[in-house]
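Source file upload.txt; content: compact mmCIF, C-alpha atoms.
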```
# COMPACT_ATOMS: atom_id res chain seq x y z
CA MET A 1 14.49 10.65 -27.06
CA ILE A 2 15.40 7.05 -26.19
CA GLN A 3 18.30 8.29 -24.11
CA ASN A 4 15.88 10.49 -22.18
CA PHE A 5 13.47 7.62 -21.72
CA LEU A 6 16.17 5.47 -20.14
CA THR A 7 17.81 8.07 -17.93
CA MET A 8 14.58 9.86 -16.99
CA ASN A 9 16.62 13.04 -16.74
CA GLY A 10 18.71 11.67 -13.93
CA TYR A 11 15.91 9.90 -12.08
CA GLY A 12 16.21 6.71 -14.13
CA PHE A 13 17.65 4.56 -11.38
CA TYR A 14 14.83 5.36 -8.95
CA VAL A 15 12.00 5.19 -11.48
CA TRP A 16 13.13 1.97 -13.16
CA LEU A 17 13.98 0.27 -9.89
CA SER A 18 10.58 1.02 -8.37
CA PHE A 19 8.74 -0.28 -11.44
CA ALA A 20 11.01 -3.33 -11.57
CA VAL A 21 10.50 -4.16 -7.89
CA THR A 22 6.73 -3.91 -8.30
CA ILE A 23 6.57 -6.04 -11.44
CA LEU A 24 8.99 -8.61 -10.04
CA SER A 25 7.14 -9.13 -6.75
CA CYS A 26 3.81 -9.32 -8.53
CA SER A 27 5.22 -11.95 -10.90
CA ILE A 28 6.65 -14.02 -8.06
CA LEU A 29 3.36 -14.03 -6.18
CA TYR A 30 1.50 -14.90 -9.39
CA TYR A 31 3.88 -17.76 -10.11
CA LYS A 32 3.52 -19.15 -6.58
CA THR A 33 -0.28 -18.97 -6.70
CA TYR A 34 -0.31 -20.58 -10.14
CA LYS A 35 1.94 -23.40 -8.99
CA THR A 36 -0.21 -24.14 -5.96
CA LEU A 37 -3.28 -24.25 -8.16
CA LYS A 38 -1.61 -26.65 -10.60
CA LYS A 39 -0.40 -28.82 -7.74
CA TYR A 40 -3.91 -29.18 -6.35
CA GLU A 41 -5.27 -29.92 -9.83
CA LYS A 42 -2.64 -32.63 -10.19
CA ASP A 43 -3.38 -34.12 -6.78
CA PHE A 44 -7.05 -34.12 -7.61
CA ALA A 45 -6.48 -35.84 -10.95
CA LYS A 46 -4.24 -38.45 -9.32
CA GLU A 47 -6.91 -39.16 -6.77
CA LEU A 48 -9.37 -39.62 -9.63
CA ILE A 49 -7.08 -41.98 -11.49
CA ARG A 50 -6.69 -44.06 -8.38
CA LEU A 51 -10.44 -44.68 -8.27
CA SER A 52 -11.83 -47.68 -10.09
CA GLU A 53 -12.94 -47.09 -13.68
CA LEU A 54 -16.59 -47.22 -12.75
CA ASP A 55 -16.27 -44.78 -9.85
CA ARG A 56 -14.28 -42.35 -11.95
CA GLU A 57 -16.88 -42.34 -14.72
CA LEU A 58 -19.52 -41.71 -12.11
CA VAL A 59 -17.67 -38.84 -10.49
CA LEU A 60 -16.83 -37.21 -13.81
CA LYS A 61 -20.41 -37.52 -14.94
CA LYS A 62 -21.88 -36.18 -11.74
CA SER A 63 -19.49 -33.34 -11.00
CA LYS A 64 -18.78 -30.66 -13.54
CA VAL A 65 -15.95 -29.35 -11.40
CA ALA A 66 -14.26 -32.74 -11.39
CA SER A 67 -14.51 -33.13 -15.15
CA GLN A 68 -13.22 -29.60 -15.74
CA VAL A 69 -10.25 -30.07 -13.45
CA PHE A 70 -9.52 -33.43 -15.02
CA ALA A 71 -9.70 -31.97 -18.52
CA SER A 72 -7.43 -29.09 -17.64
CA TYR A 73 -4.96 -31.50 -16.02
CA ASN A 74 -4.89 -33.68 -19.12
CA LYS A 75 -4.35 -30.62 -21.28
CA PHE A 76 -1.56 -29.49 -18.96
CA ILE A 77 0.49 -32.68 -19.29
CA MET B 1 -32.67 -13.36 15.10
CA LEU B 2 -29.64 -12.47 17.18
CA THR B 3 -28.92 -15.21 19.63
CA ASN B 4 -27.52 -14.53 23.07
CA LYS B 5 -24.09 -15.70 21.99
CA VAL B 6 -24.03 -13.28 19.10
CA LYS B 7 -25.11 -10.44 21.36
CA LYS B 8 -22.32 -11.32 23.74
CA ARG B 9 -19.75 -11.25 20.95
CA ILE B 10 -21.02 -7.91 19.69
CA SER B 11 -20.73 -6.34 23.11
CA PHE B 12 -17.25 -7.83 23.51
CA LEU B 13 -16.21 -6.25 20.20
CA GLY B 14 -17.77 -2.94 21.20
CA LEU B 15 -15.81 -2.96 24.42
CA LEU B 16 -12.63 -3.96 22.59
CA LEU B 17 -13.11 -1.16 20.08
CA VAL B 18 -13.70 1.48 22.75
CA SER B 19 -10.69 0.37 24.78
CA VAL B 20 -8.39 0.19 21.74
CA VAL B 21 -9.44 3.65 20.58
CA THR B 22 -8.93 5.19 24.04
CA ALA B 23 -5.60 3.42 24.49
CA VAL B 24 -4.36 4.58 21.09
CA PHE B 25 -5.62 8.09 21.77
CA PHE B 26 -3.69 8.37 25.05
CA ILE B 27 -0.55 6.79 23.59
CA LEU B 28 -0.58 9.25 20.70
CA LYS B 29 -1.28 12.13 23.03
CA SER B 30 1.62 11.30 25.32
CA LEU B 31 3.90 10.77 22.33
CA SER B 32 2.69 13.82 20.47
CA ASN B 33 6.03 15.59 20.87
CA ASN B 34 7.85 12.69 19.28
CA ILE B 35 5.33 12.19 16.51
CA LEU B 36 5.96 15.68 15.18
CA TYR B 37 8.68 15.20 12.62
CA PHE B 38 9.72 18.83 12.90
CA LYS B 39 8.94 22.03 14.79
CA SER B 40 7.93 25.29 13.22
CA PRO B 41 9.81 28.53 13.98
CA THR B 42 6.81 29.72 16.00
CA GLU B 43 6.87 26.58 18.16
CA ILE B 44 10.55 27.20 18.84
CA LYS B 45 9.95 30.83 19.71
CA LEU B 46 7.22 29.87 22.18
CA SER B 47 8.88 26.86 23.77
CA GLN B 48 10.46 27.37 27.19
CA ASP B 49 12.59 24.27 27.54
CA ILE B 50 14.98 24.17 24.62
CA VAL B 51 18.05 21.95 25.01
CA TYR B 52 20.65 23.53 22.78
CA THR B 53 22.86 20.46 22.68
CA LYS B 54 20.11 18.17 21.42
CA LYS B 55 19.49 17.55 17.74
CA ILE B 56 16.14 18.80 16.53
CA ARG B 57 14.35 19.35 13.24
CA VAL B 58 12.88 22.63 12.12
CA GLY B 59 10.56 22.92 9.18
CA GLY B 60 8.75 25.56 7.20
CA MET B 61 9.12 27.44 3.96
CA VAL B 62 12.32 28.86 2.52
CA LYS B 63 11.76 32.61 2.55
CA LYS B 64 11.85 34.30 -0.87
CA ASN B 65 15.16 36.00 -1.67
CA SER B 66 16.74 34.73 1.53
CA ILE B 67 19.14 32.14 0.11
CA ASP B 68 22.70 33.29 0.40
CA ILE B 69 25.33 30.93 -1.00
CA SER B 70 28.97 31.56 -0.21
CA ASP B 71 32.04 29.33 -0.65
CA LYS B 72 31.82 27.81 2.76
CA GLU B 73 28.15 27.60 3.54
CA ILE B 74 24.61 28.20 2.45
CA LYS B 75 22.40 30.46 4.53
CA PHE B 76 18.67 30.86 4.28
CA ILE B 77 15.63 31.75 6.36
CA ILE B 78 12.93 29.28 7.34
CA THR B 79 9.59 30.94 7.84
CA ASP B 80 6.13 29.79 8.84
CA LEU B 81 4.77 33.23 7.89
CA ASN B 82 4.65 34.31 11.55
CA ASN B 83 8.19 33.76 12.73
CA GLU B 84 11.55 33.23 11.11
CA LEU B 85 14.74 31.36 11.80
CA VAL B 86 18.11 31.77 10.12
CA VAL B 87 19.70 28.48 9.08
CA SER B 88 23.29 27.87 8.14
CA PHE B 89 24.34 24.67 6.38
CA LYS B 90 27.53 23.25 4.90
CA GLY B 91 26.99 20.64 2.22
CA THR B 92 24.81 19.90 -0.74
CA VAL B 93 21.08 20.49 -0.68
CA PRO B 94 18.49 18.22 -2.36
CA ASN B 95 17.38 19.03 -5.91
CA LEU B 96 14.00 20.20 -4.76
CA PHE B 97 15.39 22.75 -2.33
CA SER B 98 14.37 26.20 -3.54
CA GLU B 99 12.78 29.48 -2.57
CA GLY B 100 9.18 29.38 -1.51
CA LYS B 101 9.22 25.59 -1.12
CA GLY B 102 9.00 23.46 1.99
CA VAL B 103 12.14 22.48 3.84
CA VAL B 104 13.13 20.51 6.94
CA ALA B 105 16.50 21.19 8.58
CA GLU B 106 18.12 18.79 11.02
CA GLY B 107 20.72 20.09 13.46
CA ARG B 108 21.19 22.20 16.56
CA LEU B 109 19.84 25.54 17.67
CA GLN B 110 22.46 28.12 18.60
CA ASP B 111 19.93 30.58 19.91
CA LYS B 112 16.27 31.17 19.18
CA ASP B 113 17.00 32.85 15.86
CA PHE B 114 19.97 30.88 14.57
CA PHE B 115 20.20 27.24 13.61
CA ILE B 116 23.14 25.19 12.34
CA ALA B 117 21.98 22.29 10.19
CA ASP B 118 23.81 19.02 9.43
CA ARG B 119 21.19 17.88 6.98
CA ILE B 120 18.62 19.53 4.75
CA LEU B 121 15.53 17.71 3.50
CA ALA B 122 13.15 19.10 0.90
CA LYS B 123 9.44 18.88 1.51
CA HIS B 124 7.14 19.13 -1.47
CA ASP B 125 3.41 19.70 -1.58
CA GLU B 126 0.63 17.51 -2.92
CA LYS B 127 0.19 19.36 -6.21
CA TYR B 128 1.40 17.68 -9.37
CA MET B 129 1.29 19.32 -12.80
CA PRO B 130 3.22 19.55 -16.05
CA PRO B 131 5.83 22.32 -16.36
CA GLU B 132 3.95 24.18 -19.12
CA LEU B 133 0.92 24.56 -16.91
CA LYS B 134 3.02 25.96 -14.10
CA ASP B 135 4.45 28.58 -16.47
CA ILE B 136 0.97 29.62 -17.55
CA MET B 137 -0.11 29.91 -13.92
CA LYS B 138 2.93 32.01 -13.11
CA LYS B 139 2.18 34.38 -15.98
CA ASN B 140 -1.39 34.78 -14.81
CA VAL B 141 -0.24 35.75 -11.34
CA GLU B 142 2.19 38.30 -12.75
CA MET C 1 -30.68 -17.58 -7.69
CA PHE C 2 -29.90 -21.09 -6.53
CA ASP C 3 -27.84 -21.62 -9.62
CA LEU C 4 -25.40 -19.03 -8.43
CA ILE C 5 -24.66 -20.91 -5.23
CA ASN C 6 -24.13 -24.17 -7.06
CA PRO C 7 -20.37 -24.79 -6.78
CA SER C 8 -19.97 -26.18 -10.28
CA LYS C 9 -21.62 -23.05 -11.70
CA ILE C 10 -19.35 -20.87 -9.58
CA PHE C 11 -16.35 -22.87 -10.70
CA TYR C 12 -17.36 -22.41 -14.32
CA LEU C 13 -17.88 -18.68 -13.77
CA ILE C 14 -14.51 -18.27 -12.06
CA GLU C 15 -12.83 -20.06 -14.95
CA LYS C 16 -14.51 -17.68 -17.38
CA ILE C 17 -13.54 -14.56 -15.42
CA ILE C 18 -9.93 -15.73 -15.06
CA ASN C 19 -9.73 -16.31 -18.81
CA PHE C 20 -11.28 -12.93 -19.48
CA ILE C 21 -8.84 -11.08 -17.19
CA ASN C 22 -5.95 -13.01 -18.70
CA SER C 23 -7.01 -11.99 -22.19
CA ILE C 24 -7.19 -8.25 -21.45
CA PHE C 25 -4.54 -7.96 -18.74
CA PHE C 26 -1.45 -7.47 -20.88
CA ILE C 27 -3.14 -5.00 -23.20
CA ILE C 28 -4.20 -2.82 -20.28
CA LEU C 29 -0.80 -3.25 -18.63
CA ILE C 30 1.00 -2.04 -21.74
CA ILE C 31 -1.35 0.92 -22.16
CA ALA C 32 -0.91 1.86 -18.49
CA LEU C 33 2.88 1.56 -18.63
CA THR C 34 3.01 3.60 -21.84
CA PHE C 35 1.08 6.39 -20.20
CA ALA C 36 3.00 6.14 -16.94
CA LEU C 37 6.49 6.03 -18.43
CA ILE C 38 6.26 7.80 -21.79
CA LEU C 39 3.13 9.81 -22.52
CA SER C 40 2.54 11.52 -19.19
CA PRO C 41 4.47 14.76 -18.62
CA PRO C 42 7.16 15.19 -15.97
CA ASP C 43 6.24 17.25 -12.93
CA TYR C 44 7.12 20.96 -12.87
CA LEU C 45 9.02 20.46 -9.62
CA GLN C 46 9.99 16.80 -9.35
CA GLY C 47 10.71 16.11 -13.00
CA ASP C 48 10.53 12.47 -14.03
CA SER C 49 10.75 11.15 -10.48
CA VAL C 50 7.00 11.83 -10.24
CA ARG C 51 6.50 8.62 -12.25
CA ILE C 52 7.24 6.62 -9.11
CA MET C 53 3.86 7.86 -7.90
CA TYR C 54 2.16 5.58 -10.46
CA VAL C 55 3.27 2.47 -8.58
CA HIS C 56 3.61 3.96 -5.10
CA VAL C 57 0.11 5.38 -4.67
CA PRO C 58 -1.92 2.42 -6.03
CA SER C 59 0.18 0.04 -3.90
CA ALA C 60 -0.55 2.07 -0.79
CA TRP C 61 -4.26 2.21 -1.62
CA ILE C 62 -4.46 -1.55 -2.12
CA GLY C 63 -2.47 -2.16 1.07
CA LEU C 64 -4.92 -0.03 3.04
CA ALA C 65 -8.05 -1.37 1.34
CA SER C 66 -6.97 -4.99 1.85
CA PHE C 67 -6.44 -4.52 5.54
CA THR C 68 -9.75 -2.72 5.92
CA SER C 69 -11.58 -5.56 4.19
CA ILE C 70 -9.73 -8.16 6.26
CA ALA C 71 -10.75 -6.32 9.43
CA LEU C 72 -14.39 -6.00 8.35
CA LEU C 73 -14.52 -9.71 7.40
CA SER C 74 -12.95 -10.49 10.76
CA ILE C 75 -15.64 -8.55 12.59
CA LEU C 76 -18.36 -10.46 10.74
CA ASN C 77 -16.54 -13.73 11.25
CA PHE C 78 -16.02 -13.06 14.94
CA ILE C 79 -19.69 -12.30 15.50
CA PHE C 80 -21.36 -14.85 13.26
CA LYS C 81 -18.64 -17.53 13.05
CA ILE C 82 -18.83 -17.97 9.29
CA LYS C 83 -15.86 -20.13 8.33
CA ASN C 84 -15.69 -19.07 4.68
CA LEU C 85 -15.09 -15.45 5.63
CA HIS C 86 -11.86 -16.45 7.28
CA LEU C 87 -10.76 -18.28 4.16
CA ILE C 88 -11.29 -15.08 2.18
CA SER C 89 -9.40 -12.86 4.63
CA LYS C 90 -6.57 -15.39 4.79
CA SER C 91 -6.13 -15.24 1.04
CA ILE C 92 -6.25 -11.42 0.95
CA ALA C 93 -3.51 -11.05 3.59
CA PRO C 94 -0.40 -11.97 1.52
CA LEU C 95 -1.54 -9.64 -1.28
CA GLY C 96 -2.08 -6.81 1.18
CA LEU C 97 1.29 -7.37 2.83
CA MET C 98 3.04 -7.39 -0.54
CA PHE C 99 1.47 -4.12 -1.63
CA THR C 100 2.13 -2.46 1.74
CA CYS C 101 5.80 -3.43 1.46
CA LEU C 102 5.87 -2.22 -2.15
CA ALA C 103 4.42 1.12 -1.05
CA ILE C 104 7.16 1.43 1.58
CA ILE C 105 9.96 0.41 -0.81
CA THR C 106 8.85 2.59 -3.72
CA GLY C 107 8.25 5.41 -1.23
CA SER C 108 11.83 5.09 -0.10
CA LEU C 109 12.99 5.14 -3.72
CA TRP C 110 10.93 8.28 -4.24
CA GLY C 111 12.13 9.95 -1.05
CA GLN C 112 15.82 9.80 -1.86
CA PRO C 113 15.75 11.95 -5.03
CA THR C 114 13.02 14.34 -3.86
CA TRP C 115 13.28 14.80 -0.09
CA GLY C 116 16.97 13.93 0.07
CA THR C 117 16.61 10.89 2.34
CA TRP C 118 15.71 7.22 1.95
CA TRP C 119 13.96 7.08 5.26
CA ALA C 120 12.30 9.36 7.79
CA TRP C 121 10.49 8.26 10.91
CA ASP C 122 7.60 10.61 10.24
CA ALA C 123 4.04 9.74 11.19
CA ARG C 124 2.91 8.52 7.76
CA ILE C 125 5.86 6.24 7.13
CA THR C 126 5.91 4.85 10.67
CA SER C 127 2.20 4.07 10.60
CA MET C 128 2.67 2.24 7.27
CA VAL C 129 5.37 0.13 8.92
CA VAL C 130 2.92 -0.60 11.75
CA LEU C 131 0.40 -1.73 9.12
CA ALA C 132 2.96 -4.15 7.66
CA ILE C 133 3.60 -5.49 11.17
CA PHE C 134 -0.13 -6.10 11.68
CA TYR C 135 -0.24 -8.01 8.38
CA ILE C 136 2.71 -10.13 9.49
CA LEU C 137 1.11 -10.83 12.88
CA PHE C 138 -2.14 -11.82 11.16
CA ILE C 139 -0.38 -14.20 8.79
CA LEU C 140 1.86 -15.67 11.49
CA ALA C 141 -1.08 -16.25 13.84
CA ASN C 142 -2.71 -18.35 11.14
CA LYS C 143 0.48 -20.22 10.34
CA LEU C 144 1.86 -20.91 13.80
CA ILE C 145 -1.19 -21.63 15.93
CA GLU C 146 -2.13 -25.23 15.32
CA GLN C 147 -5.63 -25.28 16.74
CA LYS C 148 -7.78 -23.87 13.94
CA ASP C 149 -10.43 -22.25 16.14
CA LYS C 150 -7.84 -20.54 18.26
CA ALA C 151 -5.91 -19.35 15.21
CA ASN C 152 -9.09 -17.90 13.71
CA LYS C 153 -10.01 -16.12 16.91
CA ILE C 154 -6.58 -14.63 17.55
CA SER C 155 -6.02 -13.50 13.97
CA ASN C 156 -9.49 -11.95 13.92
CA ILE C 157 -8.68 -9.94 17.01
CA ILE C 158 -5.33 -8.85 15.53
CA ALA C 159 -7.14 -7.59 12.44
CA ILE C 160 -9.80 -5.77 14.47
CA VAL C 161 -7.22 -4.07 16.71
CA GLY C 162 -5.21 -3.17 13.59
CA LEU C 163 -8.25 -1.43 12.17
CA ALA C 164 -7.52 1.44 14.58
CA ASN C 165 -4.31 2.08 12.64
CA ILE C 166 -6.10 2.73 9.34
CA PRO C 167 -7.51 6.20 10.17
CA ILE C 168 -4.15 7.05 11.75
CA ILE C 169 -2.41 6.32 8.44
CA LYS C 170 -5.02 8.23 6.47
CA PHE C 171 -5.00 11.34 8.64
CA SER C 172 -1.38 11.29 9.86
CA VAL C 173 -0.43 13.87 7.24
CA ASP C 174 -3.17 16.24 8.43
CA TRP C 175 -2.81 15.79 12.20
CA TRP C 176 0.94 16.12 12.57
CA ASN C 177 3.91 17.80 10.92
CA THR C 178 5.27 15.17 8.55
CA LEU C 179 7.84 15.09 5.80
CA HIS C 180 5.27 13.26 3.68
CA GLN C 181 2.99 15.58 1.73
CA PRO C 182 -0.78 15.61 2.36
CA SER C 183 -3.13 13.50 0.24
CA SER C 184 -3.52 14.70 -3.34
CA ILE C 185 -6.85 12.98 -3.80
CA LYS C 186 -9.23 13.94 -1.04
CA LEU C 187 -12.10 11.90 0.35
CA ASP C 188 -14.57 14.36 -1.21
CA GLY C 189 -13.21 13.48 -4.65
CA THR C 190 -11.24 16.64 -5.40
CA SER C 191 -7.70 16.15 -6.59
CA SER C 192 -4.62 18.32 -6.88
CA ILE C 193 -3.08 16.12 -9.56
CA HIS C 194 -3.28 17.40 -13.11
CA SER C 195 -5.51 15.25 -15.32
CA SER C 196 -2.58 14.25 -17.56
CA MET C 197 -1.03 12.58 -14.49
CA LEU C 198 -4.28 11.35 -12.98
CA LEU C 199 -4.97 9.16 -16.04
CA PRO C 200 -1.82 6.98 -15.72
CA LEU C 201 -2.37 6.81 -11.97
CA MET C 202 -5.88 5.43 -12.42
CA LEU C 203 -4.76 3.08 -15.22
CA MET C 204 -2.02 1.62 -13.03
CA PHE C 205 -4.54 1.30 -10.19
CA LEU C 206 -6.86 -0.61 -12.53
CA VAL C 207 -4.03 -2.93 -13.61
CA LEU C 208 -3.11 -3.74 -10.02
CA LEU C 209 -6.77 -4.27 -9.10
CA LEU C 210 -7.17 -6.73 -11.98
CA TYR C 211 -4.02 -8.45 -10.79
CA CYS C 212 -5.45 -8.77 -7.28
CA ALA C 213 -8.72 -10.15 -8.66
CA LEU C 214 -6.77 -12.70 -10.68
CA ILE C 215 -4.78 -13.88 -7.66
CA LEU C 216 -7.86 -14.09 -5.42
CA LEU C 217 -9.86 -16.04 -8.02
CA MET C 218 -7.00 -18.48 -8.50
CA LYS C 219 -6.83 -18.99 -4.75
CA TYR C 220 -10.59 -19.48 -4.60
CA LYS C 221 -10.36 -22.08 -7.36
CA THR C 222 -7.58 -23.88 -5.49
CA GLU C 223 -9.76 -23.91 -2.41
CA ILE C 224 -12.73 -25.45 -4.26
CA ILE C 225 -10.49 -28.18 -5.71
CA ARG C 226 -9.06 -28.86 -2.25
CA ILE C 227 -12.53 -29.31 -0.77
CA LYS C 228 -13.69 -31.45 -3.71
CA LYS C 229 -10.67 -33.66 -3.34
CA LYS C 230 -11.46 -34.28 0.30
CA ASN C 231 -14.95 -35.50 -0.58
CA ILE C 232 -14.07 -37.18 -3.86
CA LYS C 233 -15.82 -40.42 -2.93
CA ARG C 234 -18.99 -38.61 -2.05
CA ILE C 235 -19.34 -36.59 -5.24
```

Let's see the structure in the file written out as structure tokens.
Amino acid sequence: MIQNFLTMNGYGFYVWLSFAVTILSCSILYYKTYKTLKKYEKDFAKELIRLSELDRELVLKKSKVASQVFASYNKFI
Amino acid sequence: MLTNKVKKRISFLGLLLVSVVTAVFFILKSLSNNILYFKSPTEIKLSQDIVYTKKIRVGGMVKKNSIDISDKEIKFIITDLNNELVVSFKGTVPNLFSEGKGVVAEGRLQDKDFFIADRILAKHDEKYMPPELKDIMKKNVE
Amino acid sequence: MFDLINPSKIFYLIEKIINFINSIFFIILIIALTFALILSPPDYLQGDSVRIMYVHVPSAWIGLASFTSIALLSILNFIFKIKNLHLISKSIAPLGLMFTCLAIITGSLWGQPTWGTWWAWDARITSMVVLAIFYILFILANKLIEQKDKANKISNIIAIVGLANIPIIKFSVDWWNTLHQPSSIKLDGTSSIHSSMLLPLMLMFLVLLLYCALILLMKYKTEIIRIKKKNIKRI
């Protein structure tokens, strides 16, 4: 049963390779997209930190997006 | 609501579309002989200008009960239900090669009824089903 | 209604959808793979090699659908000059290219055991290669042309011209003799695939669609952050 599952009655190489190629390329693209997103979150947080205390408080209070990104960055590190 | 600029762009796109479609149409038409991956036995029978030295592909169905395997070669008949062509081939055929199924043979014509192939490709149809179902269908036909 | 356009609401919504997809993605993926690789029967003719269909066909569909949407967005963008549309089509393009290439590669892996060849220059396969070339041209035009307006314009025109290739791909198997078999699932909804094989096909399609949604939402989120960062002082 397990033997059959692995060899696919002789088609194992083709079946497993095509699934592997698909999953691998999808993972690579996901990883790249994820990294870009994290990089921008980081840049954004750095920019925020560079602001004066007062300005930062103001931005975080006014913009939900900013506070969310900041929170997720803090959680990330 | 549509400004003049927008109207201009729409007409430009319309023109572009029409010209692309006509261009593609004529390109495909002039290439139509090359686009065909294979010829059917009928097309070979009807064609006037066959170059016997040139490699071509012939496709159709393997005629039932026509496969003849000997030590040296495998012989079978390709049919498109109107005309037939005898094919001879030395080598191994793909797994899916069998009677009543699609086939494409690559090689040279000897005359209008005889073809020597260097390569055999199997062509399958668009129907997919489990083996048990196929058996049931076969029984129903018999 | 106005709430929906509010960027912070959208951002919140995107976050929620991403989390939702993340939470169900692996469950659906495992179910789909179980059906595709274990529970579904082998084909009467092709045996277990038919399982390649479960990645090949959805990839091809997504490749075609992505290019069609890029072209339609490009038409709208070209006529009405809406900048955001171009951002959307630019983020769809890499996904579409990846799935088109996957369709070609898995098709090649399927062709060898069934047809007896890795490659055939038949109409369907050649037109898929042309589709990949159009994707590459579209992406390169955006990358290499420095003037933004010019890059937008040229890539839009590439996408619109490439639209002519889509019906050629779709109907290539009906118009010409090809090694590739005709479509199993017709435009009118009828299918020549047995239901026990149609289920894993649709499940895998759903998984890949969810994956695409995830990638696009993440890109959209990145874009919002990028814009916010630019105007950080003005928030």

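Near Lys39 of chain A, within 12 Å and counting all atoms listed in the file, sit Lys32, Thr33, Tyr34, Lys35, Thr36, Leu37, Glu41, Lys42, Asp43, Phe44, Ala45, Lys46, Val69, Tyr73 and Phe76 of chain A; Thr222, Glu223, Ile225 and Arg226 of chain C; same-chain residues fewer than 2 positions away were not included.
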
* Asked: Quick one: residues within 10 Å of segment 83-96 of chain B, only C-alpha atoms counted, chain neighbours fewer than 6 positions away excluded, as a VMD selection string?
  -> (chain B and resid 40 to 45 58 to 63 66 to 77 102 to 103 105 to 124) or (chain C and resid 45 to 47 112 to 117)

* Within 8 Å of chain C, which residues of chain A are there when counting all atoms listed in the file? Please give them as a ChimeraX atom specification. => /A:5,8-9,11-12,14-15,17-19,21-22,25,30,33-34,36-37,40-41,44,47-48,59,62-66,69

Determine, using only C-alpha atoms, which residues of chain C have any atom at most 8 Å from an atom of chain B, and tabulate each with its shortest atom pair and distance in Å to one decimal place, rows ordered by chain and then rising number, as JSON lines.
```
{"residue": "C:Pro41", "atom": "CA", "partner": "B:Pro130", "partner_atom": "CA", "distance": 5.6}
{"residue": "C:Pro42", "atom": "CA", "partner": "B:Pro130", "partner_atom": "CA", "distance": 5.9}
{"residue": "C:Asp43", "atom": "CA", "partner": "B:Pro130", "partner_atom": "CA", "distance": 4.9}
{"residue": "C:Tyr44", "atom": "CA", "partner": "B:Pro131", "partner_atom": "CA", "distance": 4.0}
{"residue": "C:Leu45", "atom": "CA", "partner": "B:Leu96", "partner_atom": "CA", "distance": 7.0}
{"residue": "C:Gln46", "atom": "CA", "partner": "B:Leu96", "partner_atom": "CA", "distance": 7.0}
{"residue": "C:Ile75", "atom": "CA", "partner": "B:Leu13", "partner_atom": "CA", "distance": 8.0}
{"residue": "C:Phe78", "atom": "CA", "partner": "B:Arg9", "partner_atom": "CA", "distance": 7.3}
{"residue": "C:Ile79", "atom": "CA", "partner": "B:Arg9", "partner_atom": "CA", "distance": 5.6}
{"residue": "C:Phe80", "atom": "CA", "partner": "B:Val6", "partner_atom": "CA", "distance": 6.6}
{"residue": "C:Pro113", "atom": "CA", "partner": "B:Asn95", "partner_atom": "CA", "distance": 7.3}
{"residue": "C:Thr114", "atom": "CA", "partner": "B:Leu96", "partner_atom": "CA", "distance": 6.0}
{"residue": "C:Trp115", "atom": "CA", "partner": "B:Ala122", "partner_atom": "CA", "distance": 4.4}
{"residue": "C:Gly116", "atom": "CA", "partner": "B:Pro94", "partner_atom": "CA", "distance": 5.2}
{"residue": "C:Thr117", "atom": "CA", "partner": "B:Leu121", "partner_atom": "CA", "distance": 7.0}
{"residue": "C:Trp121", "atom": "CA", "partner": "B:Tyr37", "partner_atom": "CA", "distance": 7.4}
{"residue": "C:Asp122", "atom": "CA", "partner": "B:Tyr37", "partner_atom": "CA", "distance": 5.3}
{"residue": "C:Ala123", "atom": "CA", "partner": "B:Ile35", "partner_atom": "CA", "distance": 6.0}
{"residue": "C:Ile160", "atom": "CA", "partner": "B:Leu17", "partner_atom": "CA", "distance": 8.0}
{"residue": "C:Val161", "atom": "CA", "partner": "B:Val20", "partner_atom": "CA", "distance": 6.7}
{"residue": "C:Ala164", "atom": "CA", "partner": "B:Val21", "partner_atom": "CA", "distance": 6.7}
{"residue": "C:Trp176", "atom": "CA", "partner": "B:Leu36", "partner_atom": "CA", "distance": 5.7}
{"residue": "C:Asn177", "atom": "CA", "partner": "B:Leu36", "partner_atom": "CA", "distance": 5.2}
{"residue": "C:Thr178", "atom": "CA", "partner": "B:Tyr37", "partner_atom": "CA", "distance": 5.3}
{"residue": "C:Leu179", "atom": "CA", "partner": "B:Lys123", "partner_atom": "CA", "distance": 5.9}
{"residue": "C:His180", "atom": "CA", "partner": "B:Lys123", "partner_atom": "CA", "distance": 7.3}
{"residue": "C:Gln181", "atom": "CA", "partner": "B:Asp125", "partner_atom": "CA", "distance": 5.3}
{"residue": "C:Pro182", "atom": "CA", "partner": "B:Glu126", "partner_atom": "CA", "distance": 5.8}
{"residue": "C:Ser183", "atom": "CA", "partner": "B:Glu126", "partner_atom": "CA", "distance": 6.3}
{"residue": "C:Ser184", "atom": "CA", "partner": "B:Glu126", "partner_atom": "CA", "distance": 5.0}
{"residue": "C:Ser192", "atom": "CA", "partner": "B:Lys127", "partner_atom": "CA", "distance": 5.0}
{"residue": "C:Ile193", "atom": "CA", "partner": "B:Tyr128", "partner_atom": "CA", "distance": 4.7}
{"residue": "C:His194", "atom": "CA", "partner": "B:Met129", "partner_atom": "CA", "distance": 5.0}
{"residue": "C:Ser196", "atom": "CA", "partner": "B:Met129", "partner_atom": "CA", "distance": 8.0}
{"residue": "C:Met197", "atom": "CA", "partner": "B:Met129", "partner_atom": "CA", "distance": 7.3}
```

* To one decimal place, how far is atom CA of Phe67 of chain C from atom CA of Thr190 of chain C in Å? ->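 One can read the atom CA of Phe67 of chain C to atom CA of Thr190 of chain C distance as 24.3 Å.
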
As AutoDock Vina command-line options, please report the centre and edge lengths, rounded to one decimal in Å, of the axis-aligned box that holds all listed atoms of segment 30-39 of chain B with 6 Å of padding on each of the six sides.
```
--center_x 5.7 --center_y 16.4 --center_z 19.0 --size_x 20.1 --size_y 23.3 --size_z 24.7
```
